[in-house]
file run_39.csv (CSV, C-alpha atoms and all ligand atoms)
chain,number,residue,atom,x,y,z
A,158,MET,CA,-5.9,-112.5,-55.1
A,159,LYS,CA,-4.5,-109.1,-55.9
A,160,LEU,CA,-6.3,-106.0,-54.7
A,161,LEU,CA,-7.5,-104.9,-58.2
A,162,GLU,CA,-7.7,-108.3,-59.9
A,163,GLY,CA,-9.8,-108.1,-63.1
A,164,LYS,CA,-10.4,-104.3,-62.8
A,165,ILE,CA,-9.9,-101.9,-65.7
A,166,ALA,CA,-8.1,-98.6,-65.0
A,167,LEU,CA,-7.3,-95.5,-67.0
A,168,VAL,CA,-4.5,-93.0,-66.2
A,169,THR,CA,-4.3,-89.8,-68.1
A,170,GLY,CA,-0.8,-88.2,-68.4
A,171,GLY,CA,0.6,-91.6,-67.7
A,172,ALA,CA,4.0,-91.2,-69.5
A,173,GLY,CA,6.0,-90.0,-66.5
A,174,GLY,CA,6.0,-88.9,-62.9
A,175,ILE,CA,3.0,-89.5,-60.8
A,176,GLY,CA,1.0,-90.9,-63.8
A,177,LYS,CA,3.6,-93.5,-64.6
A,178,ALA,CA,4.1,-94.6,-61.0
A,179,THR,CA,0.3,-94.9,-60.7
A,180,ALA,CA,-0.1,-96.9,-63.9
A,181,LEU,CA,2.7,-99.3,-62.8
A,182,LEU,CA,1.2,-99.7,-59.3
A,183,LEU,CA,-2.4,-100.3,-60.7
A,184,ALA,CA,-0.9,-103.0,-62.9
A,185,ARG,CA,1.0,-104.6,-60.1
A,186,GLU,CA,-2.2,-104.8,-58.1
A,187,GLY,CA,-3.9,-106.7,-60.9
A,188,ALA,CA,-5.7,-104.0,-63.0
A,189,LYS,CA,-5.5,-103.8,-66.8
A,190,VAL,CA,-4.3,-100.3,-67.5
A,191,VAL,CA,-5.1,-97.8,-70.3
A,192,VAL,CA,-2.2,-95.4,-70.4
A,193,ASN,CA,-2.9,-92.0,-72.0
A,194,THR,CA,-0.7,-89.1,-72.8
A,195,GLY,CA,-1.0,-86.0,-75.0
A,196,SER,CA,2.3,-85.5,-76.9
A,197,ASN,CA,4.8,-87.8,-75.1
A,198,ILE,CA,4.0,-90.9,-77.2
A,199,LYS,CA,7.4,-92.5,-76.6
A,200,GLY,CA,7.0,-92.2,-72.8
A,201,GLY,CA,3.5,-93.7,-72.9
A,202,GLU,CA,4.6,-96.6,-75.0
A,203,GLU,CA,7.5,-97.2,-72.6
A,204,VAL,CA,5.2,-97.4,-69.6
A,205,VAL,CA,3.0,-100.0,-71.5
A,206,ARG,CA,6.2,-102.0,-72.3
A,207,LEU,CA,7.2,-102.0,-68.6
A,208,ILE,CA,3.8,-103.2,-67.6
A,209,LYS,CA,3.8,-106.0,-70.1
A,210,GLU,CA,7.3,-107.0,-69.2
A,211,ALA,CA,6.1,-107.5,-65.7
A,212,GLY,CA,3.5,-110.0,-67.0
A,213,CYS,CA,0.5,-107.5,-66.8
A,214,GLU,CA,-1.8,-106.0,-69.3
A,215,ALA,CA,-1.9,-102.4,-70.7
A,216,ILE,CA,-2.6,-100.4,-73.9
A,217,PHE,CA,-1.4,-96.9,-74.8
A,218,VAL,CA,-3.9,-94.4,-76.2
A,219,GLN,CA,-2.8,-91.0,-77.3
A,220,GLY,CA,-5.3,-88.1,-76.7
A,221,ASP,CA,-5.3,-84.5,-75.6
A,222,VAL,CA,-7.5,-84.2,-72.4
A,223,SER,CA,-8.4,-80.7,-73.3
A,224,LYS,CA,-10.2,-81.8,-76.5
A,225,ALA,CA,-13.7,-83.3,-76.1
A,226,LYS,CA,-13.5,-85.5,-79.2
A,227,GLU,CA,-10.2,-86.9,-78.2
A,228,VAL,CA,-11.4,-87.7,-74.6
A,229,GLU,CA,-14.5,-89.4,-76.0
A,230,ALA,CA,-12.3,-91.5,-78.3
A,231,LEU,CA,-10.0,-92.3,-75.4
A,232,ILE,CA,-12.9,-93.7,-73.2
A,233,ASN,CA,-14.4,-95.5,-76.2
A,234,LYS,CA,-11.0,-97.2,-76.9
A,235,ALA,CA,-10.7,-98.2,-73.2
A,236,VAL,CA,-14.2,-99.7,-73.2
A,237,ASN,CA,-14.0,-101.3,-76.6
A,238,THR,CA,-10.7,-103.0,-75.6
A,239,TYR,CA,-11.5,-104.1,-72.0
A,240,GLY,CA,-15.4,-103.9,-71.9
A,241,ARG,CA,-15.7,-101.5,-69.0
A,242,LEU,CA,-13.9,-98.8,-66.9
A,243,ASP,CA,-13.7,-99.4,-63.1
A,244,TYR,CA,-11.1,-96.7,-62.2
A,245,ALA,CA,-10.1,-93.4,-63.8
A,246,VAL,CA,-7.1,-91.3,-62.6
A,247,ASN,CA,-7.3,-87.8,-64.1
A,248,ASN,CA,-3.7,-86.9,-63.6
A,249,ALA,CA,-2.6,-85.0,-66.8
A,250,GLY,CA,-1.3,-81.6,-66.2
A,251,ILE,CA,1.1,-79.0,-67.5
A,252,ILE,CA,3.8,-76.9,-66.0
A,253,PRO,CA,2.4,-73.4,-65.7
A,254,ASP,CA,4.0,-70.2,-66.8
A,255,VAL,CA,5.4,-68.1,-63.9
A,256,MET,CA,4.2,-64.5,-63.8
A,257,PRO,CA,2.2,-62.5,-61.3
A,258,THR,CA,-1.6,-62.3,-61.7
A,259,ALA,CA,-1.6,-58.8,-63.2
A,260,GLU,CA,1.0,-59.8,-65.8
A,261,THR,CA,-0.6,-63.2,-66.7
A,262,THR,CA,-1.6,-63.2,-70.4
A,263,GLU,CA,-5.0,-64.5,-71.6
A,264,GLU,CA,-3.2,-67.0,-73.7
A,265,SER,CA,-1.2,-68.4,-70.7
A,266,TRP,CA,-4.4,-68.4,-68.5
A,267,ASP,CA,-6.3,-70.4,-71.2
A,268,ARG,CA,-3.5,-72.9,-71.8
A,269,THR,CA,-3.3,-73.8,-68.1
A,270,ILE,CA,-7.1,-73.8,-67.4
A,271,ASN,CA,-7.7,-75.9,-70.6
A,272,VAL,CA,-5.6,-78.8,-69.6
A,273,ASP,CA,-5.6,-78.6,-65.7
A,274,LEU,CA,-9.3,-77.8,-65.2
A,275,LYS,CA,-11.3,-78.3,-68.4
A,276,GLY,CA,-9.3,-81.4,-69.1
A,277,VAL,CA,-10.3,-83.0,-65.8
A,278,TRP,CA,-14.0,-82.1,-66.3
A,279,LEU,CA,-14.0,-83.5,-69.8
A,280,CYS,CA,-12.4,-86.8,-68.7
A,281,MET,CA,-14.9,-87.0,-65.8
A,282,LYS,CA,-17.8,-86.4,-68.1
A,283,TYR,CA,-17.1,-89.3,-70.4
A,284,GLU,CA,-15.9,-91.6,-67.6
A,285,ILE,CA,-19.1,-91.0,-65.6
A,286,LEU,CA,-21.3,-91.7,-68.7
A,287,GLN,CA,-19.6,-95.1,-69.0
A,288,MET,CA,-19.7,-95.7,-65.2
A,289,LEU,CA,-23.4,-95.0,-65.1
A,290,LYS,CA,-24.0,-97.6,-67.9
A,291,GLN,CA,-22.1,-100.3,-66.0
A,292,GLY,CA,-23.4,-99.4,-62.5
A,293,GLY,CA,-20.5,-97.8,-60.7
A,294,GLY,CA,-16.8,-96.9,-60.6
A,295,SER,CA,-14.2,-94.8,-58.9
A,296,ILE,CA,-12.5,-91.6,-60.1
A,297,VAL,CA,-9.4,-90.0,-58.6
A,298,ASN,CA,-8.5,-86.5,-59.8
A,299,VAL,CA,-5.0,-85.2,-59.2
A,300,SER,CA,-5.0,-81.7,-57.8
A,301,SER,CA,-2.2,-80.2,-55.6
A,302,ILE,CA,-1.7,-78.6,-52.2
A,303,LEU,CA,-2.1,-75.5,-54.4
A,304,GLY,CA,-5.8,-76.6,-54.7
A,305,LEU,CA,-6.1,-75.9,-51.0
A,306,VAL,CA,-3.8,-72.9,-50.4
A,307,GLY,CA,-2.4,-70.1,-52.4
A,308,THR,CA,1.3,-69.2,-53.2
A,309,GLN,CA,3.3,-66.1,-54.1
A,310,ALA,CA,5.1,-68.1,-56.8
A,311,GLY,CA,3.3,-66.4,-59.7
A,312,VAL,CA,1.1,-69.4,-60.9
A,313,CYS,CA,-2.4,-68.0,-60.5
A,314,ALA,CA,-4.0,-70.0,-63.3
A,315,TYR,CA,-2.5,-73.2,-61.8
A,316,VAL,CA,-3.8,-72.4,-58.3
A,317,ALA,CA,-7.2,-71.5,-59.7
A,318,SER,CA,-7.4,-74.7,-61.8
A,319,LYS,CA,-6.3,-76.9,-58.9
A,320,HIS,CA,-8.8,-75.3,-56.5
A,321,GLY,CA,-11.4,-75.9,-59.3
A,322,VAL,CA,-10.5,-79.6,-59.5
A,323,ILE,CA,-11.4,-80.0,-55.8
A,324,GLY,CA,-14.7,-78.2,-56.4
A,325,LEU,CA,-15.5,-80.4,-59.4
A,326,THR,CA,-14.7,-83.5,-57.4
A,327,LYS,CA,-17.0,-82.5,-54.6
A,328,ALA,CA,-19.9,-81.6,-57.0
A,329,ALA,CA,-19.6,-84.9,-58.9
A,330,ALA,CA,-19.1,-87.0,-55.8
A,331,LEU,CA,-22.5,-85.7,-54.5
A,332,GLU,CA,-24.3,-86.0,-57.8
A,333,TYR,CA,-23.3,-89.6,-58.4
A,334,ALA,CA,-22.9,-91.1,-54.9
A,335,LYS,CA,-26.2,-93.0,-55.1
A,336,ALA,CA,-25.2,-94.3,-58.6
A,337,GLY,CA,-22.2,-96.1,-57.0
A,338,ILE,CA,-19.6,-93.7,-58.4
A,339,ARG,CA,-17.0,-92.4,-55.9
A,340,VAL,CA,-15.0,-89.3,-56.8
A,341,ASN,CA,-12.0,-88.1,-54.8
A,342,THR,CA,-8.9,-85.9,-55.2
A,343,VAL,CA,-5.3,-86.4,-54.3
A,344,CYS,CA,-3.4,-83.2,-53.4
A,345,PRO,CA,0.4,-83.8,-53.7
A,346,GLY,CA,3.1,-81.5,-52.4
A,347,SER,CA,6.4,-81.3,-54.3
A,348,THR,CA,7.0,-84.6,-55.9
A,349,GLU,CA,10.1,-86.0,-57.8
A,350,THR,CA,8.8,-86.1,-61.5
A,351,PRO,CA,10.0,-84.9,-64.9
A,352,GLY,CA,7.6,-82.0,-64.4
A,353,PHE,CA,9.2,-81.0,-61.1
A,354,ASP,CA,12.6,-81.3,-62.7
A,355,LYS,CA,11.5,-78.7,-65.4
A,356,THR,CA,10.4,-76.3,-62.6
A,357,LEU,CA,13.9,-76.7,-61.0
A,358,GLU,CA,15.6,-75.8,-64.3
A,359,LEU,CA,13.9,-72.4,-64.0
A,360,SER,CA,14.4,-71.9,-60.3
A,361,PRO,CA,17.1,-74.4,-58.9
A,362,GLN,CA,16.8,-73.0,-55.4
A,363,VAL,CA,13.2,-74.3,-55.1
A,364,ARG,CA,14.4,-77.8,-54.1
A,365,ASP,CA,16.4,-76.7,-51.0
A,366,ILE,CA,13.7,-74.2,-50.0
A,367,THR,CA,11.0,-76.8,-50.3
A,368,ILE,CA,12.9,-79.4,-48.3
A,369,SER,CA,13.7,-76.8,-45.6
A,370,ILE,CA,10.0,-76.0,-45.1
A,371,THR,CA,8.6,-79.6,-45.4
A,372,PRO,CA,8.2,-81.3,-42.0
A,373,ILE,CA,9.2,-84.7,-43.3
A,374,GLY,CA,12.3,-83.0,-44.7
A,375,ARG,CA,12.4,-84.3,-48.3
A,376,ILE,CA,10.5,-84.2,-51.6
A,377,ALA,CA,7.9,-87.0,-52.2
A,378,GLU,CA,8.6,-89.9,-54.5
A,379,SER,CA,6.0,-90.4,-57.2
A,380,GLU,CA,5.3,-93.9,-55.8
A,381,GLU,CA,4.2,-92.4,-52.5
A,382,VAL,CA,1.5,-90.3,-54.3
A,383,ALA,CA,0.6,-93.3,-56.4
A,384,GLU,CA,-0.1,-95.4,-53.2
A,385,ALA,CA,-2.8,-92.8,-52.1
A,386,ILE,CA,-4.3,-92.7,-55.6
A,387,VAL,CA,-4.6,-96.5,-55.9
A,388,TRP,CA,-6.1,-96.8,-52.4
A,389,LEU,CA,-8.7,-94.2,-53.2
A,390,CYS,CA,-9.5,-96.1,-56.4
A,391,SER,CA,-9.8,-99.4,-54.7
A,392,GLY,CA,-12.7,-101.0,-52.7
A,393,ARG,CA,-10.7,-100.5,-49.6
A,394,ALA,CA,-11.9,-96.8,-49.8
A,395,SER,CA,-15.5,-97.9,-50.3
A,396,TYR,CA,-16.9,-95.3,-47.9
A,397,VAL,CA,-14.7,-92.4,-49.1
A,398,THR,CA,-16.1,-89.9,-51.6
A,399,GLY,CA,-15.8,-86.1,-52.2
A,400,HIS,CA,-12.5,-86.2,-50.2
A,401,ALA,CA,-9.3,-84.2,-51.0
A,402,MET,CA,-6.4,-86.3,-49.6
A,403,VAL,CA,-3.2,-84.4,-48.9
A,404,VAL,CA,0.1,-86.2,-49.6
A,405,ASP,CA,2.6,-83.5,-48.8
A,406,GLY,CA,4.9,-84.5,-46.0
A,407,GLY,CA,3.1,-82.3,-43.5
A,408,MET,CA,3.6,-79.1,-45.6
A,409,ILE,CA,0.2,-77.5,-45.2
A,410,ALA,CA,-0.5,-78.8,-41.7
A,411,GLN,CA,1.8,-76.0,-40.5
A,501,LIG,N1,5.3,-83.0,-59.4
A,501,LIG,C1,4.8,-82.2,-58.4
A,501,LIG,O1,5.5,-81.7,-57.6
A,501,LIG,C2,3.3,-82.0,-58.3
A,501,LIG,C3,2.8,-81.4,-57.2
A,501,LIG,C4,1.4,-81.2,-57.1
A,501,LIG,C5,0.6,-81.7,-58.1
A,501,LIG,N2,1.1,-82.2,-59.2
A,501,LIG,C6,0.2,-82.6,-60.3
A,501,LIG,O2,0.3,-84.0,-60.5
A,501,LIG,C7,0.0,-84.3,-61.9
A,501,LIG,C8,1.2,-85.0,-62.5
A,501,LIG,O3,2.3,-84.2,-62.4
A,501,LIG,P1,3.8,-84.7,-62.7
A,501,LIG,O4,4.7,-83.8,-61.9
A,501,LIG,O5,3.9,-86.2,-62.7
A,501,LIG,O6,3.8,-84.1,-64.2
A,501,LIG,P2,4.7,-84.5,-65.5
A,501,LIG,O7,4.9,-83.2,-66.2
A,501,LIG,O8,5.9,-85.2,-65.0
A,501,LIG,O9,3.7,-85.4,-66.2
A,501,LIG,C9,2.5,-84.9,-66.7
A,501,LIG,C10,1.9,-85.8,-67.7
A,501,LIG,O10,0.7,-85.2,-68.3
A,501,LIG,C11,0.8,-85.4,-69.7
A,501,LIG,N3,0.0,-84.3,-70.4
A,501,LIG,C12,0.3,-83.0,-70.4
A,501,LIG,N4,-0.6,-82.3,-71.1
A,501,LIG,C13,-1.5,-83.3,-71.6
A,501,LIG,C14,-2.7,-83.3,-72.3
A,501,LIG,N5,-3.2,-82.1,-72.8
A,501,LIG,N6,-3.4,-84.4,-72.6
A,501,LIG,C15,-2.9,-85.6,-72.1
A,501,LIG,N7,-1.8,-85.7,-71.3
A,501,LIG,C16,-1.1,-84.6,-71.1
A,501,LIG,C17,2.3,-85.4,-70.0
A,501,LIG,O11,2.5,-86.0,-71.3
A,501,LIG,C18,2.8,-86.2,-68.9
A,501,LIG,O12,2.7,-87.6,-69.1
A,501,LIG,C19,-0.3,-82.9,-62.5
A,501,LIG,O13,-1.7,-82.7,-62.6
A,501,LIG,C20,0.4,-82.0,-61.6
A,501,LIG,O14,-0.2,-80.7,-61.6
A,501,LIG,C21,2.5,-82.4,-59.4
call {"tool": "encode", "arguments": {"input": "run_39.csv", "output": "structure tokens"}}
result
Amino acid sequence: MKLLEGKIALVTGGAGGIGKATALLLAREGAKVVVNTGSNIKGGEEVVRLIKEAGCEAIFVQGDVSKAKEVEALINKAVNTYGRLDYAVNNAGIIPDVMPTAETTEESWDRTINVDLKGVWLCMKYEILQMLKQGGGSIVNVSSILGLVGTQAGVCAYVASKHGVIGLTKAAALEYAKAGIRVNTVCPGSTETPGFDKTLELSPQVRDITISITPIGRIAESEEVAEAIVWLCSGRASYVTGHAMVVDGGMIAQ
């Protein structure tokens, strides 16, 4: 029997990068997958097509994670389709504007915080309400190594939101531990994704600099981050909650 046979999983921001790799791995391990994205509808539908092509089950649900009504509708659609929600991976995120803290605009701050922090809280809120009804579940939030350390790169709202995701994770893990709901975070370092490619368009030197300071000596593949996410979702991590798992090739161990 497969690791996640018969389980139902949701991945937000599942159109590409870490979300796509996670959706594909969840399906390969036997879960039925609800793939969400905000605007990249084509990408989300393509991931569902790939999952079905491999003989597994998935649906695509569009919805902006920063809007409560859309998140509520997303969870309702998942539960109406598959009857329950065992695993939720809150992965959706945006590429932040690059400017020092004192030059960051209110609009830029709000845009990042709305998706990267409020979006994770909103998803957790409706996922937990469903998991309480069914008697348990497992949530994995995607933070970043920038949820644990700062950077001079000029992305203060991103750093604040990713630190916030780890705080949210710990609070919810403690609140719902006795209800059978585990809540954990994965903190990736630089990872090959469409989002990372866009960062490189702005600063091409980032790739070589990152490789030179990463102990393992390369950028992560999305699939390597997905492995950690899927393990934390699964029953193999049954005694792990409130944890922030770093997947960064040794970067912040230095
Ligand atoms: N790639 C990296 O180097 C890296 C490093 C650390 C952390 N992360 C985090 O991992 C997560 C995934 O990153 P990625 O690089 O795969 O990103 P990506 O840009 O390749 O994909 C992000 C996904 O989120 C979706 N999305 C964006 N806004 C949304 C919204 N409002 N509602 C729903 N979906 C939305 C996009 O459509 C896309 O599918 C993000 O939270 C990111 O901050 C990435």
call {"tool": "closest_residue", "arguments": {"input": "run_39.csv", "among": "A:Ala249, A:Ala166, A:Ala377, A:Leu160", "to": "ligand LIG 501 (chain A)", "atoms": "only C-alpha atoms and all ligand atoms"}}
result
A:Ala249
call {"tool": "closest_atom_pairs", "arguments": {"input": "run_39.csv", "of": "chain A", "to": "ligand LIG 501 (chain A)", "cutoff": "6 Å", "atoms": "all atoms listed in the file", "output": "tab-separated table"}}
result
residue	atom	partner	partner_atom	distance
A:Thr169	CA	A:LIG501	N7	5.8
A:Gly170	CA	A:LIG501	O10	3.4
A:Gly171	CA	A:LIG501	O12	4.7
A:Ala172	CA	A:LIG501	O12	3.8
A:Gly173	CA	A:LIG501	O12	4.8
A:Gly174	CA	A:LIG501	O5	3.4
A:Ile175	CA	A:LIG501	O5	3.9
A:Gly176	CA	A:LIG501	O5	5.6
A:Thr194	CA	A:LIG501	N7	3.9
A:Gly195	CA	A:LIG501	C15	3.5
A:Ser196	CA	A:LIG501	O11	5.6
A:Asn197	CA	A:LIG501	O11	4.8
A:Gly220	CA	A:LIG501	C15	5.8
A:Asp221	CA	A:LIG501	N6	3.6
A:Val222	CA	A:LIG501	N6	4.1
A:Ser223	CA	A:LIG501	N5	5.4
A:Asn248	CA	A:LIG501	O13	4.8
A:Ala249	CA	A:LIG501	O10	3.6
A:Gly250	CA	A:LIG501	O13	3.8
A:Ile251	CA	A:LIG501	C12	5.0
A:Val272	CA	A:LIG501	N5	5.2
A:Val299	CA	A:LIG501	O13	5.4
A:Ser300	CA	A:LIG501	C5	5.6
A:Ser301	CA	A:LIG501	C4	4.0
A:Pro345	CA	A:LIG501	C4	4.4
A:Gly346	CA	A:LIG501	C3	4.8
A:Ser347	CA	A:LIG501	O1	3.4
A:Thr348	CA	A:LIG501	O1	3.7
A:Glu349	CA	A:LIG501	N1	5.9
A:Thr350	CA	A:LIG501	O8	4.6
A:Pro351	CA	A:LIG501	O8	4.1
A:Gly352	CA	A:LIG501	O7	3.5
A:Phe353	CA	A:LIG501	N1	4.7
call {"tool": "atom_distance", "arguments": {"input": "run_39.csv", "atom1": "CA of Val236 (chain A)", "atom2": "CA of Lys164 (chain A)"}}
result
12.0 Å
call {"tool": "residues_around", "arguments": {"input": "run_39.csv", "residues": "Tyr239 (chain A)", "least_positions_apart": "2", "cutoff": "12 Å", "atoms": "all atoms listed in the file", "output": "list in words"}}
result
Gly163, Lys164, Ile165, Ala166, Leu167, Ala188, Lys189, Val190, Val191, Glu214, Ala215, Ile216, Ile232, Asn233, Lys234, Ala235, Val236, Asn237, Arg241, Leu242 and Asp243 of chain A
call {"tool": "residues_around", "arguments": {"input": "run_39.csv", "residues": "Val312 (chain A)", "least_positions_apart": "6", "cutoff": "8 Å", "atoms": "all atoms listed in the file", "output": "ChimeraX atom specification"}}
result
/A:253-258
call {"tool": "residues_around", "arguments": {"input": "run_39.csv", "residues": "region 319-323 of chain A", "least_positions_apart": "5", "cutoff": "8 Å", "atoms": "all atoms listed in the file", "output": "list of chain:residue names"}}
result
A:Asp273, A:Leu274, A:Val277, A:Asn298, A:Val299, A:Ser300, A:Ser301, A:Leu303, A:Gly304, A:Leu305, A:Thr342, A:Ala401
call {"tool": "residues_around", "arguments": {"input": "run_39.csv", "residues": "Glu384 (chain A)", "least_positions_apart": "6", "cutoff": "12 Å", "atoms": "all atoms listed in the file", "output": "list in words"}}
result
Ile175, Gly176, Ala178, Thr179, Ala180, Leu181, Leu182, Leu183, Arg185, Glu186, Val343, Pro345, Ala377, Glu378, Cys390, Ser391, Met402 and Val404 of chain A
call {"tool": "residues_around", "arguments": {"input": "run_39.csv", "residues": "region 278-281 of chain A", "least_positions_apart": "3", "cutoff": "8 Å", "atoms": "all atoms listed in the file", "output": "list of chain:residue names"}}
result
A:Val222, A:Ser223, A:Lys224, A:Ala225, A:Val228, A:Asn247, A:Leu274, A:Lys275, A:Glu284, A:Ile285, A:Ile296, A:Leu325
call {"tool": "atom_distance", "arguments": {"input": "run_39.csv", "atom1": "CA of Lys355 (chain A)", "atom2": "CA of Arg268 (chain A)"}}
result
17.3 Å
call {"tool": "closest_residue", "arguments": {"input": "run_39.csv", "among": "A:Lys159, A:Ile409, A:Tyr396, A:Thr326", "to": "Thr367 (chain A)", "atoms": "only C-alpha atoms"}}
result
A:Ile409
call {"tool": "decode", "arguments": {"input": "run_39.csv", "residues": "region 242-309 of chain A", "atoms": "C-alpha atoms", "output": "PDB file, in the first residue's frame"}}
result
ATOM      1  CA  LEU A 242      -9.234  17.042   4.133  1.00  0.00           C
ATOM      2  CA  ASP A 243      -6.342  15.067   5.626  1.00  0.00           C
ATOM      3  CA  TYR A 244      -3.370  17.200   4.556  1.00  0.00           C
ATOM      4  CA  ALA A 245      -3.011  20.867   3.682  1.00  0.00           C
ATOM      5  CA  VAL A 246       0.139  22.429   2.258  1.00  0.00           C
ATOM      6  CA  ASN A 247       0.003  26.215   2.467  1.00  0.00           C
ATOM      7  CA  ASN A 248       2.619  27.047  -0.115  1.00  0.00           C
ATOM      8  CA  ALA A 249       1.286  29.994  -2.174  1.00  0.00           C
ATOM      9  CA  GLY A 250       3.603  32.977  -2.086  1.00  0.00           C
ATOM     10  CA  ILE A 251       4.647  35.959  -4.168  1.00  0.00           C
ATOM     11  CA  ILE A 252       7.967  37.388  -5.213  1.00  0.00           C
ATOM     12  CA  PRO A 253       8.551  40.431  -3.035  1.00  0.00           C
ATOM     13  CA  ASP A 254       9.559  43.885  -4.243  1.00  0.00           C
ATOM     14  CA  VAL A 255      13.205  44.663  -3.534  1.00  0.00           C
ATOM     15  CA  MET A 256      13.790  47.867  -1.563  1.00  0.00           C
ATOM     16  CA  PRO A 257      15.313  48.711   1.806  1.00  0.00           C
ATOM     17  CA  THR A 258      13.019  48.893   4.821  1.00  0.00           C
ATOM     18  CA  ALA A 259      12.901  52.710   4.937  1.00  0.00           C
ATOM     19  CA  GLU A 260      11.951  52.893   1.247  1.00  0.00           C
ATOM     20  CA  THR A 261       9.330  50.136   1.330  1.00  0.00           C
ATOM     21  CA  THR A 262       5.913  51.523   0.411  1.00  0.00           C
ATOM     22  CA  GLU A 263       2.733  50.743   2.322  1.00  0.00           C
ATOM     23  CA  GLU A 264       1.258  49.229  -0.852  1.00  0.00           C
ATOM     24  CA  SER A 265       4.259  46.902  -1.313  1.00  0.00           C
ATOM     25  CA  TRP A 266       4.213  45.895   2.377  1.00  0.00           C
ATOM     26  CA  ASP A 267       0.474  45.095   2.250  1.00  0.00           C
ATOM     27  CA  ARG A 268       0.777  43.104  -0.997  1.00  0.00           C
ATOM     28  CA  THR A 269       3.428  40.770   0.445  1.00  0.00           C
ATOM     29  CA  ILE A 270       1.917  40.413   3.910  1.00  0.00           C
ATOM     30  CA  ASN A 271      -1.562  39.780   2.458  1.00  0.00           C
ATOM     31  CA  VAL A 272      -0.482  36.729   0.478  1.00  0.00           C
ATOM     32  CA  ASP A 273       2.539  35.395   2.372  1.00  0.00           C
ATOM     33  CA  LEU A 274       1.225  35.814   5.944  1.00  0.00           C
ATOM     34  CA  LYS A 275      -2.504  36.573   5.997  1.00  0.00           C
ATOM     35  CA  GLY A 276      -3.010  34.012   3.216  1.00  0.00           C
ATOM     36  CA  VAL A 277      -1.412  31.262   5.317  1.00  0.00           C
ATOM     37  CA  TRP A 278      -3.534  32.206   8.358  1.00  0.00           C
ATOM     38  CA  LEU A 279      -6.760  32.260   6.307  1.00  0.00           C
ATOM     39  CA  CYS A 280      -6.014  28.848   4.821  1.00  0.00           C
ATOM     40  CA  MET A 281      -5.185  27.436   8.261  1.00  0.00           C
ATOM     41  CA  LYS A 282      -8.409  28.872   9.686  1.00  0.00           C
ATOM     42  CA  TYR A 283     -10.704  27.049   7.241  1.00  0.00           C
ATOM     43  CA  GLU A 284      -8.544  23.913   7.093  1.00  0.00           C
ATOM     44  CA  ILE A 285      -8.548  23.611  10.894  1.00  0.00           C
ATOM     45  CA  LEU A 286     -12.341  24.104  11.089  1.00  0.00           C
ATOM     46  CA  GLN A 287     -12.711  21.132   8.721  1.00  0.00           C
ATOM     47  CA  MET A 288     -10.043  19.029  10.478  1.00  0.00           C
ATOM     48  CA  LEU A 289     -11.763  19.588  13.840  1.00  0.00           C
ATOM     49  CA  LYS A 290     -15.035  18.295  12.351  1.00  0.00           C
ATOM     50  CA  GLN A 291     -13.384  15.114  11.072  1.00  0.00           C
ATOM     51  CA  GLY A 292     -11.142  14.536  14.106  1.00  0.00           C
ATOM     52  CA  GLY A 293      -7.652  15.398  12.871  1.00  0.00           C
ATOM     53  CA  GLY A 294      -5.300  16.271  10.050  1.00  0.00           C
ATOM     54  CA  SER A 295      -1.854  17.578   9.219  1.00  0.00           C
ATOM     55  CA  ILE A 296      -0.873  21.035   7.950  1.00  0.00           C
ATOM     56  CA  VAL A 297       2.476  22.067   6.470  1.00  0.00           C
ATOM     57  CA  ASN A 298       3.144  25.779   5.910  1.00  0.00           C
ATOM     58  CA  VAL A 299       5.901  26.809   3.536  1.00  0.00           C
ATOM     59  CA  SER A 300       8.089  29.476   5.130  1.00  0.00           C
ATOM     60  CA  SER A 301      11.741  30.059   4.146  1.00  0.00           C
ATOM     61  CA  ILE A 302      15.165  30.232   5.755  1.00  0.00           C
ATOM     62  CA  LEU A 303      14.240  33.935   5.784  1.00  0.00           C
ATOM     63  CA  GLY A 304      11.676  32.913   8.419  1.00  0.00           C
ATOM     64  CA  LEU A 305      14.633  32.153  10.703  1.00  0.00           C
ATOM     65  CA  VAL A 306      17.297  34.684   9.738  1.00  0.00           C
ATOM     66  CA  GLY A 307      17.348  38.161   8.197  1.00  0.00           C
ATOM     67  CA  THR A 308      18.961  39.353   4.960  1.00  0.00           C
ATOM     68  CA  GLN A 309      20.396  42.587   3.566  1.00  0.00           C
TER      69      GLN A 309
END
